[in-house]
Structure formats: C-alpha cells, structure tokens
Amino acid sequence: MSHPKTPQAGIFNEEASHFYFLEYRLKKPCEIQKIKKAILLAKSAFLDATASVVISLGAQAWHLLQPEWMPETLVDFIPLYGKQGHQAPSTQADVFFWVSGQEISVVFDLALEIHHAMQSVAELALQERGFKYHQNLDLIGFEDGTANPKTEVLKRDAAVIAKGHAGEGGSLVLSQKWVHDLDKWHALPVHCQEAVVGRTKEENIELEGDAMPDDSHISRTDLKRDGVSMKIYRRSAPFGTVTEKGLMFLAFGCELVRFSSQLESMYGLTEDKKIDQLLNFSKAVSGSYWFAPAQEDLDALLTE
Ligand code: HEM
C-alpha cells in the first residue's frame with residue numbers, strides 16, 4: 001500500500017505570528033522551464049526553522065505547468081454578486097506564496113527572496129503583510145479561528161484532499177482580502193456586534209436558539225451537507241495600516257465546494273436570500289482559488 005502524500009508543512013504552522021501574502025500573475029509569453037526554475041528558487045529561500053512557505057497555483061498556472069492532471073474541482077474564482085448589492089470580486093492570479101513565521105525579520109527576508117526569484121517571470125498582483133492581533137483576535141475584536149478543527153486528524157480531514165482523489169495530500173485554497181469599516185463597526189453596541197458574528201465578544205460563546213440570528217456570520221458559514229459539517233481550516237490574519245485595515249482571509253479545504261457554498265450563503269445566493277450581516281461592515285476586495293499540492297507533487301512539478 002502506498003503512503004499518503006505529505007501536505008505542505010506550513011499549512012499547519014500555528015506558532016506563527018507574522019505572515020506575508022504574495023500573489024503573482026505570470027508574464028506572457030514565458031518559458032515553462034523558466035517559471036519552474038523561479039518557483040524552485042523561491043521555494044529554496046527557506047531561512048529559518050520557525051518560518052515556512054506554502055506554494056499554491058491557480059487553475060490556469062497548474063494546467064500550464066502540469067498538463068497531465070488537474071486537482072479535482074479546481075477552478076478560477078468566480079465573482080459573486082450578492083442579493084443586496086455586495087460583491088466579491090475575482091482577482092484570480094497564478095502563483096500564491098503564503099509565508100508564516102515567528103519573527104517578522106525572517107518572514108520579510110523570505111518575502112524579499114521570493115519576490116527576487118519571481119520578478120523575471122511574473123508581475124506582483126497582491127502583497128500584504130499579516131500579523132497576529134492580541135490573542136488571535138480579528139480587528140473587529142472577536143477571536144478568529146475558534147471553530148477550526150483542533151486535532152491533527154480533524155485538521156487533515158478538513159484541509160487535505162482525501163486519498164484516491166486527484167490532488168490527494170494537497171489542499172484547495174481560498175484567499176480573500178477584506179477591508180473593514182471599523183468606525184461603522186465600533187458605532188454598533190456590543191450586543192449588536194455579537195448578533196452579527198453569532199458569538200459573544202468577551203467569553204467567545206456561540207449564541208444559541210432564538211438568540212442566534214439566521215443572518216449572523218456563524219449561521220451563514222456553519223453549513224452541513226447530508227447532516228455532515230462542511231469544515232474548512234482557516235488561517236486568516238489581520239492586516240493593515242491606520243487607514244486601510246481588515247482581514248486576509250485564508251482557508252484550506254479538502255474540496256472547493258465548501259468555500260463556494262459558504263460564500264454563496266454569505267452573499268444571499270441561497271433560497272432564503274439572507275445575507276451575512278458582516279458584509280455591511282467589511283468588503284471583499286480580492287478573491288482567488290488555488291491548489292497547494294502535496295510536497296511530493298510540488299517537487300515533481302518543479303523538477304520534471
Ligand atoms: C471580513 C471577513 C471575515 C471575518 C472578520 C470573519 C470572522 C469570523 C469570526 C470572528 C468567526 C467566529 C470564530 C471562529 O470560529 O473563528 C468566524 C467563523 C467562521 N468563518 Fe469567518 N470571517 C470572515 C470571512 C469569512 C469567509 C469569507 C468565510 C468562508 C468563505 C468564513 C468562514 C467561517 C467559518 C466556516 C467559520 C466557523 C463557523 C462555525 O463552524 O462556527 N469567514 N469568522
């Protein structure tokens with residue numbers, strides 16, 4: 001029996017407090033071998049045992065570099081037009097590097113090395129620096145990541161494509177930059193903020209029964225299919241300056257439909273047409289789907 005493939009280690013690096021998000025669009029025309037060499041060079045820029053890089057590719061880039069097989073369900077991000085005028089734009093790019101680590105100096109050096117390696121073959125489409133804010137709070141003041149799977153097995157079940165499926169050992173990935181309107185948010189009394197999120201702010205307890213609105217963030221995203229929870233593994237991080245700030249939403253999943261169903265539910269593209277109340281306080285300004293191949297598949301892709 002063959003061994004299961006190895007997910008890229010950085011996906012599960014929960015010790016990290018600093019992050020760098022780099023998304024690239026490949027220049028055209030560009031030689032395939034040159035692109036592979038650049039990504040390989042970026043991948044080798046591993047400076048410290050406390051930092052890691054997860055490399056993901058968009059559907060078109062994957063098809064260009066590995067025409068022999070496609071990870072199951074991978075498509076480009078499709079923009080969403082919500083029922084009340086909210087939009088989730090697609091800014092689909094080709095290669096995504098997610099750097100995480102304990103020291104900002106190391107994370108920043110890694111980002112610089114990656115950019116140095118990539119700039120001959122690709123244009124930078126998005127860069128953002130993320131950070132851990134207090135005890136894993138989002139800038140709206142609520143803890144983010146609470147309902148994430150906790151054990152190694154549950155994390156893998158949620159985040160990694162199962163054995164026997166194309167792309168096994170890899171993950172489907174959703175990255176989205178969200179810009180918050182914190183003035184509007186802070187003008188809201190805490191009990192109303194709690195109704196928007198679906199959890200209490202101080203004790204971080206999920207609202208129950210009639211106290212949980214249908215249009216809270218939790219109600220719109222805690223979805224089940226045939227009675228089974230469609231869990232994803234979120235690794236989002238706050239970002240920003242005093243002027244523009246928000247959340248770099250990042251999640252790993254075993255199937256893409258988990259992301260698309262949650263997004264459709266948030267934007268009211270469901271039978272009940274209700275939108276996630278969070279959309280009135282935060283706006284998606286980017287959106288891409290990616291595939292983070294298993295370590296073995298990434299190595300094969302870059303060296304063949
Ligand atoms: C402005 C952007 C967002 C903010 C500030 C935000 C914040 C939060 C917070 C505070 C929680 C509750 C604590 C927790 O379990 O982590 C949560 C839960 C969750 N969020 Fe988000 N989120 C955002 C966007 C998204 C998006 C785009 C998705 C999916 C596509 C998503 C999926 C989820 C899921 C699945 C849960 C857990 C639901 C449960 O099982 O209880 N979030 N989010």
# chains A, B, ... in the order shown; residues from 1 in each chain; ligands from 1

call {"tool": "closest_atom_pairs", "arguments": {"of": "range 136-228 of chain A", "to": "range 16-24 of chain A", "cutoff": "12 Å", "atoms": "only C-alpha atoms", "output": "CSV"}}
result
residue,atom,partner,partner_atom,distance
A:Asn136,CA,A:Ser17,CA,9.2
A:Leu137,CA,A:Ser17,CA,11.9
A:Ser175,CA,A:Phe21,CA,9.3
A:Gln176,CA,A:Phe21,CA,10.5
A:Lys177,CA,A:Phe21,CA,10.0

call {"tool": "residues_near_ligand", "arguments": {"ligand": "ligand 1", "cutoff": "8 Å", "atoms": "only C-alpha atoms and all ligand atoms", "output": "PyMOL selection string"}}
result
chain A and resi 137-148+174+176+178-180+197-199+204+206+217-219+221-223+229-234+246-249+251+258-263+266+278-279+281-284

call {"tool": "write_last_selection", "arguments": {"atoms": "C-alpha atoms", "output": "mmCIF file, in the first residue's frame"}}
result
data_model
loop_
_atom_site.group_PDB
_atom_site.id
_atom_site.type_symbol
_atom_site.label_atom_id
_atom_site.label_comp_id
_atom_site.auth_asym_id
_atom_site.auth_seq_id
_atom_site.Cartn_x
_atom_site.Cartn_y
_atom_site.Cartn_z
ATOM 1 C CA LEU A 137 -8.464 38.421 17.540
ATOM 2 C CA ASP A 138 -9.683 39.820 14.285
ATOM 3 C CA LEU A 139 -9.607 43.647 14.160
ATOM 4 C CA ILE A 140 -13.370 43.608 14.886
ATOM 5 C CA GLY A 141 -12.388 42.407 18.383
ATOM 6 C CA PHE A 142 -13.688 38.813 18.143
ATOM 7 C CA GLU A 143 -11.480 35.739 18.304
ATOM 8 C CA ASP A 144 -10.998 34.238 14.832
ATOM 9 C CA GLY A 145 -10.375 30.538 14.316
ATOM 10 C CA THR A 146 -12.294 29.203 17.335
ATOM 11 C CA ALA A 147 -14.379 26.689 15.383
ATOM 12 C CA ASN A 148 -11.367 25.423 13.439
ATOM 13 C CA LEU A 174 -9.322 30.383 -0.846
ATOM 14 C CA GLN A 176 -9.600 36.944 0.014
ATOM 15 C CA TRP A 178 -11.379 42.021 3.281
ATOM 16 C CA VAL A 179 -11.304 45.724 4.151
ATOM 17 C CA HIS A 180 -13.181 46.613 7.343
ATOM 18 C CA VAL A 197 -20.945 37.444 14.377
ATOM 19 C CA GLY A 198 -23.112 34.867 16.178
ATOM 20 C CA ARG A 199 -20.806 34.598 19.204
ATOM 21 C CA ASN A 204 -16.492 33.857 22.843
ATOM 22 C CA GLU A 206 -21.749 30.685 20.312
ATOM 23 C CA HIS A 217 -21.774 35.138 10.207
ATOM 24 C CA ILE A 218 -21.853 31.792 12.003
ATOM 25 C CA SER A 219 -25.337 30.916 10.680
ATOM 26 C CA THR A 221 -20.960 29.720 7.282
ATOM 27 C CA ASP A 222 -21.562 26.768 9.620
ATOM 28 C CA LEU A 223 -23.022 24.583 6.873
ATOM 29 C CA SER A 229 -20.384 19.575 8.794
ATOM 30 C CA MET A 230 -18.531 21.079 5.810
ATOM 31 C CA LYS A 231 -15.485 22.060 7.850
ATOM 32 C CA ILE A 232 -12.647 24.127 6.447
ATOM 33 C CA TYR A 233 -9.343 25.035 8.110
ATOM 34 C CA ARG A 234 -8.965 28.818 8.393
ATOM 35 C CA GLY A 246 -9.026 44.280 7.623
ATOM 36 C CA LEU A 247 -8.596 40.550 7.323
ATOM 37 C CA MET A 248 -6.549 38.482 4.919
ATOM 38 C CA PHE A 249 -8.966 35.569 4.806
ATOM 39 C CA ALA A 251 -8.603 28.820 4.236
ATOM 40 C CA ARG A 258 -17.066 24.047 0.863
ATOM 41 C CA PHE A 259 -15.760 27.547 0.098
ATOM 42 C CA SER A 260 -18.220 28.295 -2.691
ATOM 43 C CA SER A 261 -21.230 27.162 -0.606
ATOM 44 C CA GLN A 262 -20.153 29.332 2.321
ATOM 45 C CA LEU A 263 -19.626 32.323 0.048
ATOM 46 C CA MET A 266 -22.865 34.798 2.903
ATOM 47 C CA LEU A 278 -20.766 41.050 8.375
ATOM 48 C CA LEU A 279 -20.934 42.211 4.734
ATOM 49 C CA PHE A 281 -19.005 46.153 7.855
ATOM 50 C CA SER A 282 -16.369 44.557 5.630
ATOM 51 C CA LYS A 283 -15.814 44.444 1.898
ATOM 52 C CA ALA A 284 -14.004 41.786 -0.129
#

call {"tool": "residues_around", "arguments": {"residues": "Leu301 in chain A", "least_positions_apart": "5", "cutoff": "9 Å", "atoms": "only C-alpha atoms", "output": "list of chain:residue names"}}
result
A:Lys36, A:Leu65, A:Gln66, A:Glu296

call {"tool": "residues_around", "arguments": {"residues": "Leu80 in chain A", "least_positions_apart": "5", "cutoff": "7 Å", "atoms": "only C-alpha atoms", "output": "list of chain:residue names"}}
result
A:Gln87, A:Ala88, A:Pro89

call {"tool": "write_last_selection", "arguments": {"atoms": "C-alpha atoms", "output": "mmCIF file, in the first residue's frame"}}
result
data_model
loop_
_atom_site.group_PDB
_atom_site.id
_atom_site.type_symbol
_atom_site.label_atom_id
_atom_site.label_comp_id
_atom_site.auth_asym_id
_atom_site.auth_seq_id
_atom_site.Cartn_x
_atom_site.Cartn_y
_atom_site.Cartn_z
ATOM 1 C CA GLN A 87 -19.819 41.941 -4.348
ATOM 2 C CA ALA A 88 -16.916 39.549 -4.053
ATOM 3 C CA PRO A 89 -14.556 40.375 -6.921
#

call {"tool": "residues_around", "arguments": {"residues": "Val196 in chain A", "least_positions_apart": "6", "cutoff": "8 Å", "atoms": "only C-alpha atoms", "output": "short mmCIF file (atom, residue, chain, number, x, y, z; two decimals) with C-alpha atoms, in the first residue's frame"}}
result
data_model
loop_
_atom_site.label_atom_id
_atom_site.label_comp_id
_atom_site.auth_asym_id
_atom_site.auth_seq_id
_atom_site.Cartn_x
_atom_site.Cartn_y
_atom_site.Cartn_z
CA PRO A 213 -29.92 35.23 14.02
CA ASP A 215 -28.09 36.20 9.10
CA SER A 216 -25.20 36.05 11.58
CA HIS A 217 -21.77 35.14 10.21
CA ASP A 276 -24.32 37.69 6.17
CA GLN A 277 -24.58 40.88 8.29
CA LEU A 278 -20.77 41.05 8.37
#

call {"tool": "atom_distance", "arguments": {"atom1": "CA of Leu172 in chain A", "atom2": "CA of Thr91 in chain A"}}
result
16.6 Å

call {"tool": "closest_residue", "arguments": {"among": "A:Tyr133, A:Phe291, A:Trp69, A:Phe108", "to": "Gln8 in chain A", "atoms": "only C-alpha atoms"}}
result
A:Phe291

call {"tool": "residues_around", "arguments": {"residues": "Leu40 in chain A", "least_positions_apart": "6", "cutoff": "9 Å", "atoms": "only C-alpha atoms", "output": "compact mmCIF listing (two decimals) with N, CA and C atoms, in the first residue's frame"}}
result
# COMPACT_ATOMS: atom_id res chain seq x y z
N ALA A 117 13.19 36.12 -6.75
CA ALA A 117 13.19 34.95 -7.65
C ALA A 117 12.08 35.05 -8.69
N ASP A 299 7.32 18.96 -5.62
CA ASP A 299 8.70 18.67 -6.00
C ASP A 299 8.75 18.12 -7.43
N LEU A 302 8.14 20.85 -10.08
CA LEU A 302 9.18 21.84 -10.29
C LEU A 302 10.47 21.25 -10.86
N THR A 303 10.66 19.94 -10.71
CA THR A 303 11.95 19.38 -11.14
C THR A 303 11.85 18.57 -12.43

call {"tool": "select_by_dssp", "arguments": {"residues": "range 78-273 of chain A", "states": "alpha helix (DSSP H)", "output": "ChimeraX atom specification"}}
result
/A:104-118,152-159,182-186,190-197,217-221,256-266

call {"tool": "write_last_selection", "arguments": {"atoms": "C-alpha atoms", "output": "compact mmCIF listing (two decimals), in the first residue's frame"}}
result
# COMPACT_ATOMS: atom_id res chain seq x y z
CA ILE A 104 8.91 39.45 11.18
CA SER A 105 12.57 39.84 10.10
CA VAL A 106 12.70 36.25 8.87
CA VAL A 107 9.26 36.45 7.23
CA PHE A 108 10.18 39.69 5.50
CA ASP A 109 13.54 38.33 4.29
CA LEU A 110 11.72 35.32 2.86
CA ALA A 111 9.21 37.56 1.09
CA LEU A 112 12.09 39.57 -0.41
CA GLU A 113 13.83 36.39 -1.62
CA ILE A 114 10.62 35.07 -3.17
CA HIS A 115 10.00 38.35 -4.95
CA HIS A 116 13.58 38.45 -6.20
CA ALA A 117 13.19 34.95 -7.65
CA MET A 118 9.76 35.58 -9.19
CA GLU A 152 -4.25 16.61 13.68
CA VAL A 153 -6.73 14.13 12.19
CA LEU A 154 -9.62 16.61 12.08
CA LYS A 155 -7.41 19.34 10.61
CA ARG A 156 -6.26 16.96 7.88
CA ASP A 157 -9.83 15.79 7.19
CA ALA A 158 -10.97 19.39 6.70
CA ALA A 159 -7.93 20.77 4.88
CA LEU A 182 -14.10 49.85 11.77
CA ASP A 183 -15.71 53.24 12.50
CA LYS A 184 -19.08 51.81 11.46
CA TRP A 185 -18.38 48.61 13.40
CA HIS A 186 -17.39 50.38 16.62
CA VAL A 190 -21.59 45.13 21.57
CA HIS A 191 -24.79 43.06 21.76
CA CYS A 192 -25.50 44.00 18.10
CA GLN A 193 -21.90 43.09 17.10
CA GLU A 194 -22.48 39.73 18.79
CA ALA A 195 -25.65 39.21 16.74
CA VAL A 196 -23.67 39.97 13.56
CA VAL A 197 -20.94 37.44 14.38
CA HIS A 217 -21.77 35.14 10.21
CA ILE A 218 -21.85 31.79 12.00
CA SER A 219 -25.34 30.92 10.68
CA ARG A 220 -24.23 31.69 7.12
CA THR A 221 -20.96 29.72 7.28
CA LEU A 256 -13.72 23.61 -3.31
CA VAL A 257 -17.49 23.40 -2.86
CA ARG A 258 -17.07 24.05 0.86
CA PHE A 259 -15.76 27.55 0.10
CA SER A 260 -18.22 28.29 -2.69
CA SER A 261 -21.23 27.16 -0.61
CA GLN A 262 -20.15 29.33 2.32
CA LEU A 263 -19.63 32.32 0.05
CA GLU A 264 -22.99 31.84 -1.68
CA SER A 265 -24.66 31.61 1.72
CA MET A 266 -22.86 34.80 2.90
